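Student: Enclosed is the structure file input14.csv (CSV, C-alpha atoms and all ligand atoms).
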chain,number,residue,atom,x,y,z
A,11,MET,CA,63.6,-108.0,-4.1
A,12,ALA,CA,62.2,-105.0,-2.1
A,13,LYS,CA,58.6,-103.9,-2.7
A,14,ILE,CA,57.7,-100.4,-1.8
A,15,LEU,CA,54.3,-98.9,-0.9
A,16,LEU,CA,53.8,-95.3,-2.0
A,17,LEU,CA,50.8,-93.9,-0.2
A,18,TYR,CA,49.3,-90.6,-1.0
A,19,SER,CA,46.8,-88.1,0.3
A,20,SER,CA,45.7,-85.8,-2.6
A,21,VAL,CA,42.8,-83.5,-3.2
A,22,TYR,CA,43.4,-82.5,-6.9
A,23,GLY,CA,45.7,-85.4,-7.8
A,24,HIS,CA,49.1,-83.7,-7.8
A,25,SER,CA,50.5,-85.7,-4.9
A,26,ARG,CA,49.3,-88.9,-6.6
A,27,ARG,CA,51.1,-87.8,-9.7
A,28,ILE,CA,54.3,-87.3,-7.7
A,29,SER,CA,53.9,-90.8,-6.2
A,30,GLU,CA,53.4,-92.2,-9.7
A,31,ARG,CA,56.6,-90.4,-10.9
A,32,MET,CA,58.5,-92.1,-8.0
A,33,GLN,CA,56.9,-95.4,-9.0
A,34,ALA,CA,58.1,-95.0,-12.6
A,35,HIS,CA,61.6,-94.0,-11.5
A,36,LEU,CA,61.8,-96.9,-9.1
A,37,ALA,CA,60.7,-99.3,-11.9
A,38,GLN,CA,63.5,-98.0,-14.1
A,39,GLN,CA,65.8,-99.1,-11.3
A,40,GLY,CA,64.2,-102.5,-11.1
A,41,VAL,CA,62.4,-101.8,-7.9
A,42,ALA,CA,58.7,-102.7,-7.6
A,43,ALA,CA,56.4,-100.1,-6.0
A,44,GLU,CA,52.6,-99.9,-5.6
A,45,VAL,CA,50.8,-96.5,-5.5
A,46,ALA,CA,47.6,-96.3,-3.4
A,47,ALA,CA,45.5,-93.7,-1.6
A,48,ILE,CA,45.9,-93.5,2.1
A,49,THR,CA,42.7,-95.2,3.2
A,50,ASP,CA,41.8,-98.0,5.6
A,51,THR,CA,40.7,-100.1,2.7
A,52,GLY,CA,44.0,-99.9,0.8
A,53,PRO,CA,46.7,-102.6,0.5
A,54,ASP,CA,48.1,-104.0,3.8
A,55,PRO,CA,51.2,-102.0,4.6
A,56,ALA,CA,52.7,-104.9,6.4
A,57,ALA,CA,53.1,-106.7,3.1
A,58,PHE,CA,55.7,-104.1,1.9
A,59,ASP,CA,59.4,-103.7,2.7
A,60,ALA,CA,59.4,-99.9,2.8
A,61,ILE,CA,56.6,-97.3,3.1
A,62,VAL,CA,56.5,-93.8,1.7
A,63,ILE,CA,53.7,-91.4,2.6
A,64,GLY,CA,53.1,-88.2,0.6
A,65,ALA,CA,50.5,-85.6,1.4
A,66,SER,CA,49.4,-82.3,0.1
A,67,ILE,CA,48.6,-79.1,2.1
A,68,ARG,CA,45.2,-77.6,1.9
A,69,HIS,CA,44.4,-74.5,3.9
A,70,GLY,CA,47.5,-74.9,5.9
A,71,LYS,CA,47.1,-78.5,6.9
A,72,HIS,CA,47.7,-82.1,5.7
A,73,ASN,CA,44.6,-84.2,5.6
A,74,PRO,CA,44.1,-85.4,9.3
A,75,ALA,CA,43.7,-88.9,7.8
A,76,VAL,CA,47.4,-88.9,7.3
A,77,MET,CA,48.2,-88.5,11.0
A,78,ASP,CA,45.4,-91.0,11.8
A,79,PHE,CA,47.1,-93.6,9.6
A,80,ILE,CA,50.5,-92.9,11.2
A,81,ARG,CA,49.1,-93.4,14.7
A,82,GLN,CA,47.3,-96.5,13.7
A,83,HIS,CA,50.4,-98.1,12.0
A,84,LEU,CA,53.1,-96.5,14.1
A,85,ALA,CA,54.8,-99.7,15.2
A,86,LEU,CA,55.0,-100.9,11.6
A,87,LEU,CA,56.3,-97.6,10.2
A,88,GLN,CA,59.0,-97.5,12.9
A,89,SER,CA,60.0,-101.1,12.1
A,90,ARG,CA,60.9,-100.7,8.5
A,91,PRO,CA,62.4,-98.2,6.1
A,92,SER,CA,60.0,-95.3,5.6
A,93,ALA,CA,59.8,-91.8,4.2
A,94,PHE,CA,57.4,-88.8,4.2
A,95,PHE,CA,57.0,-85.9,1.8
A,96,SER,CA,54.8,-82.9,1.8
A,97,VAL,CA,53.4,-81.1,-1.2
A,98,ASN,CA,52.5,-77.4,-1.0
A,99,LEU,CA,52.9,-74.1,-2.8
A,100,VAL,CA,55.0,-72.4,-0.1
A,101,ALA,CA,57.7,-74.8,-1.3
A,102,ARG,CA,57.8,-73.0,-4.7
A,103,LYS,CA,60.1,-70.5,-2.9
A,104,PRO,CA,63.7,-71.7,-2.9
A,105,THR,CA,64.0,-70.5,0.8
A,106,ARG,CA,61.1,-72.8,1.8
A,107,ASN,CA,61.7,-76.0,-0.1
A,108,THR,CA,63.8,-78.1,2.2
A,109,ARG,CA,63.1,-80.3,5.3
A,110,GLU,CA,64.7,-77.6,7.4
A,111,THR,CA,62.9,-74.6,5.9
A,112,ASN,CA,59.4,-75.7,4.9
A,113,PRO,CA,57.0,-74.6,7.7
A,114,TYR,CA,54.4,-77.3,6.9
A,115,LEU,CA,56.8,-80.2,7.0
A,116,ARG,CA,58.4,-78.9,10.2
A,117,ARG,CA,55.1,-78.4,11.9
A,118,PHE,CA,53.9,-81.9,10.8
A,119,MET,CA,57.1,-83.5,12.1
A,120,ALA,CA,56.9,-81.6,15.4
A,121,GLN,CA,53.5,-83.3,15.9
A,122,SER,CA,54.3,-86.7,14.5
A,123,PRO,CA,55.3,-89.7,16.7
A,124,TRP,CA,56.8,-91.2,13.5
A,125,GLN,CA,60.1,-89.6,12.5
A,126,PRO,CA,61.1,-91.1,9.2
A,127,LYS,CA,64.8,-90.9,8.2
A,128,LEU,CA,63.9,-89.6,4.8
A,129,GLN,CA,61.7,-86.5,4.6
A,130,GLY,CA,61.1,-84.3,1.6
A,131,VAL,CA,59.0,-81.4,0.3
A,132,PHE,CA,57.9,-80.7,-3.2
A,133,ALA,CA,56.2,-77.6,-4.6
A,134,GLY,CA,52.8,-78.4,-5.9
A,135,GLU,CA,50.6,-77.2,-8.7
A,136,LEU,CA,48.5,-74.1,-9.1
A,137,ASP,CA,45.5,-74.5,-11.4
A,138,TYR,CA,42.8,-72.0,-10.7
A,139,SER,CA,40.5,-73.5,-13.4
A,140,ARG,CA,40.1,-76.7,-11.4
A,141,TYR,CA,39.0,-75.0,-8.1
A,142,GLY,CA,35.5,-74.2,-7.0
A,143,PRO,CA,34.7,-70.5,-6.8
A,144,LEU,CA,35.4,-70.3,-3.0
A,145,ASP,CA,38.8,-72.1,-3.2
A,146,ARG,CA,39.7,-70.1,-6.3
A,147,ARG,CA,39.0,-66.8,-4.5
A,148,MET,CA,40.9,-67.9,-1.4
A,149,MET,CA,43.9,-69.1,-3.4
A,150,ARG,CA,44.1,-65.9,-5.4
A,151,PHE,CA,44.1,-63.9,-2.2
A,152,VAL,CA,46.8,-66.1,-0.7
A,153,MET,CA,48.9,-65.8,-3.8
A,154,TRP,CA,48.3,-62.0,-3.8
A,155,LEU,CA,49.5,-61.9,-0.2
A,156,ASN,CA,52.6,-64.0,-1.1
A,157,LYS,CA,53.4,-62.2,-4.4
A,158,GLY,CA,52.5,-65.2,-6.5
A,159,PRO,CA,50.4,-65.4,-9.7
A,160,THR,CA,46.8,-64.2,-9.3
A,161,ASP,CA,45.6,-64.4,-12.9
A,162,PRO,CA,42.6,-66.8,-12.8
A,163,THR,CA,43.8,-68.5,-16.0
A,164,THR,CA,47.1,-69.5,-14.3
A,165,LYS,CA,48.1,-73.1,-14.5
A,166,VAL,CA,51.6,-73.7,-13.2
A,167,GLU,CA,53.4,-76.8,-12.1
A,168,PHE,CA,56.1,-75.7,-9.7
A,169,THR,CA,57.2,-79.3,-9.0
A,170,ASP,CA,60.9,-80.0,-9.5
A,171,TRP,CA,60.6,-83.5,-11.1
A,172,ASN,CA,64.3,-84.1,-10.9
A,173,ALA,CA,64.1,-83.7,-7.1
A,174,VAL,CA,61.2,-86.1,-7.1
A,175,GLU,CA,63.3,-88.7,-8.9
A,176,ARG,CA,66.2,-88.1,-6.6
A,177,PHE,CA,63.9,-88.7,-3.7
A,178,ALA,CA,62.8,-92.0,-5.3
A,179,THR,CA,66.4,-93.1,-5.6
A,180,GLN,CA,67.0,-92.3,-2.0
A,181,VAL,CA,63.9,-94.4,-1.2
A,182,ALA,CA,65.3,-97.3,-3.2
A,183,ALA,CA,68.6,-97.0,-1.2
A,184,LEU,CA,66.7,-97.0,2.1
A,185,ALA,CA,64.8,-100.1,1.0
A,186,GLY,CA,67.9,-101.9,0.0
A,187,GLY,CA,67.2,-101.8,-3.7
A,188,PRO,CA,69.7,-101.2,-6.5
A,189,GLY,CA,70.3,-97.6,-5.3
A,190,ALA,CA,71.6,-99.0,-2.0
A,191,ALA,CA,74.9,-100.0,-3.7
A,192,ALA,CA,75.5,-96.4,-4.6
A,193,GLY,CA,74.8,-95.4,-1.0
B,1,LIG,C1,41.9,-75.1,-1.7
B,1,LIG,C2,43.4,-75.1,-1.6
B,1,LIG,C3,44.1,-74.7,-0.5
B,1,LIG,C4,45.5,-74.7,-0.5
B,1,LIG,N1,46.1,-74.3,0.6
B,1,LIG,C5,47.5,-74.2,0.6
B,1,LIG,C6,48.2,-73.7,1.7
B,1,LIG,O1,47.6,-73.3,2.7
B,1,LIG,N2,49.5,-73.6,1.7
B,1,LIG,C7,50.2,-74.0,0.6
B,1,LIG,O2,51.4,-73.9,0.6
B,1,LIG,N3,49.6,-74.6,-0.5
B,1,LIG,C8,48.2,-74.7,-0.5
B,1,LIG,N4,47.6,-75.2,-1.6
B,1,LIG,C9,48.4,-75.7,-2.7
B,1,LIG,C10,48.4,-77.2,-2.8
B,1,LIG,O3,49.1,-77.8,-1.7
B,1,LIG,C11,48.9,-77.6,-4.1
B,1,LIG,O4,48.0,-77.1,-5.1
B,1,LIG,C12,49.1,-79.1,-4.3
B,1,LIG,O5,49.7,-79.3,-5.6
B,1,LIG,C13,47.9,-79.9,-4.2
B,1,LIG,O6,48.1,-81.2,-4.2
B,1,LIG,P1,47.0,-82.3,-4.4
B,1,LIG,O7,46.4,-82.1,-5.8
B,1,LIG,O8,47.7,-83.6,-4.2
B,1,LIG,O9,46.0,-82.1,-3.3
B,1,LIG,C14,46.2,-75.2,-1.6
B,1,LIG,C15,45.5,-75.6,-2.8
B,1,LIG,C16,44.1,-75.6,-2.8
B,1,LIG,C17,43.4,-76.1,-4.0
Let me see whether you can do it: turn the structure in this file into C-alpha cells.
Ligand SMILES: Cc1cc2nc3c(=O)[nH]c(=O)nc-3n(C[C@H](O)[C@H](O)[C@H](O)COP(=O)(O)O)c2cc1C
Tutor:
Amino acid sequence: MAKILLLYSSVYGHSRRISERMQAHLAQQGVAAEVAAITDTGPDPAAFDAIVIGASIRHGKHNPAVMDFIRQHLALLQSRPSAFFSVNLVARKPTRNTRETNPYLRRFMAQSPWQPKLQGVFAGELDYSRYGPLDRRMMRFVMWLNKGPTDPTTKVEFTDWNAVERFATQVAALAGGPGAAAG
C-alpha cells in the first residue's frame, strides 16, 4: 500500500493544517500519510511512494528552504509521484486561485527545476491577532490596497476545505491508492 509524505513550510500553522486535512482525508480512503515540516532532520523522503510539498507565502515569497529542499532532492522528486501546493491570501480571489492564475504558484514553478504533475493553490488564513505589530500593520496595508478586510479583529479562514480534500484524492490517485481506480 502506498505511503505518502506530506511536507509543509508554515509560519503560523495554516499550511500544516491543510496538510493535516489531506492526511485525514487520505486516511478515510485507506491511504497512509505522514505530515512533517520541511527540514533536513525530517523523515527520509526516499522511504515514501509519493511526496507532496505545501508552502505558504510570506511577503511575496515561499520560504527559500522549500526551493533548497527541491534542489537537494530533485532526482527523488522527479522519480516518483509528487505534488506541490501554495498557500496565500491572493488566492482568496476567485480569479487568482488556480494553477494558471495564481501569481505566486506561477512564479515559483517558473523558477523550479521540479515540475510536479499535480499543482494546487489554496487561500490561507487572515488572523491579525496572531501577528506581531509590524506584520499586522503591513498586512492591514496590503489588505487595504487589495480591498480586503482591514479591521484588526479580523480572523477569516479563506480556505476551501472541499478543494483541499479533492486535492488529497488526486494525490491518492497519483500514488496508486484507492482513488486511482476512479482515475
Ligand atoms: C507576515 C505575513 C506576510 C504575508 N504576505 C503575504 C503575501 O505577500 N501575499 C499573500 O498572498 N499572502 C500573504 N500572507 C498570507 C499568508 O500566506 C496566509 O496567512 C497563510 O495562511 C499563512 O500560512 P502559514 O500559517 O502556513 O504560514 C502573509 C501573511 C503574513 C502573516
Student: Residues within 6 Å of ligand LIG 1 (chain B) (all atoms listed in the file), as a count of residues only?
Tutor: 19
Student: If I take CA of Val166 in chain A and CA of Gln38 in chain A, how far is one from the other in Å, to one decimal?
Tutor: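 These two atoms are separated by 27.1 Å.
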Student: Compare A:Gln33, A:Thr51, A:Asn156, A:Thr169 by their minimum atom-to-atom distance to Ser96 in chain A, counting all atoms listed in the file, and give me the closest one.
Tutor: A:Thr169
Student: Quick check, in Å to one decimal: how far apart do CA of Arg106 in chain A and CA of Ser92 in chain A lie?
Tutor: 22.8 Å
Student: For a quick check of understanding, using only C-alpha atoms, which of A:Thr105, A:Asn112, A:Gln39, A:Ser122 has the smallest distance to Asp78 in chain A?
Tutor: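 Result for the nearest residue to Asp78 in chain A: A:Ser122.
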Student: Can you measure CA of Met32 in chain A to CA of Tyr141 in chain A for me? One decimal in Å is fine.
Tutor: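 According to the coordinates, CA of Met32 in chain A and CA of Tyr141 in chain A are separated by 25.9 Å.
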Student: May I have the residues at most 7 Å from (51.0, -77.5, 10.1) in the file's coordinates, counting all atoms listed in the file, as a list in words?
Tutor: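 Neighbouring residues, ordered by chain and number, come to Gly70, Lys71, Tyr114, Arg117 and Phe118 of chain A.
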Student: Measuring atom to atom with all atoms listed in the file, identify which of A:Asp161, A:Glu175, A:Asp170, A:Asp50 is nearest to Gln82 in chain A.
Tutor: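 Ranking A:Asp161, A:Glu175, A:Asp170, A:Asp50 by distance to Gln82 in chain A, first place goes to A:Asp50.
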Student: Which is closer to Pro104 in chain A than all the others in A:Val131, A:Ile28, A:Ala85, A:Ala182, using only C-alpha atoms?
Tutor: A:Val131
Student: Could you list, as a PyMOL selection string, every residue within 12 Å of range 54-56 of chain A, counting all atoms listed in the file and ignoring same-chain residues fewer than 5 positions away?
Tutor: chain A and resi 13-17+43-49+61-63+79-80+82-92
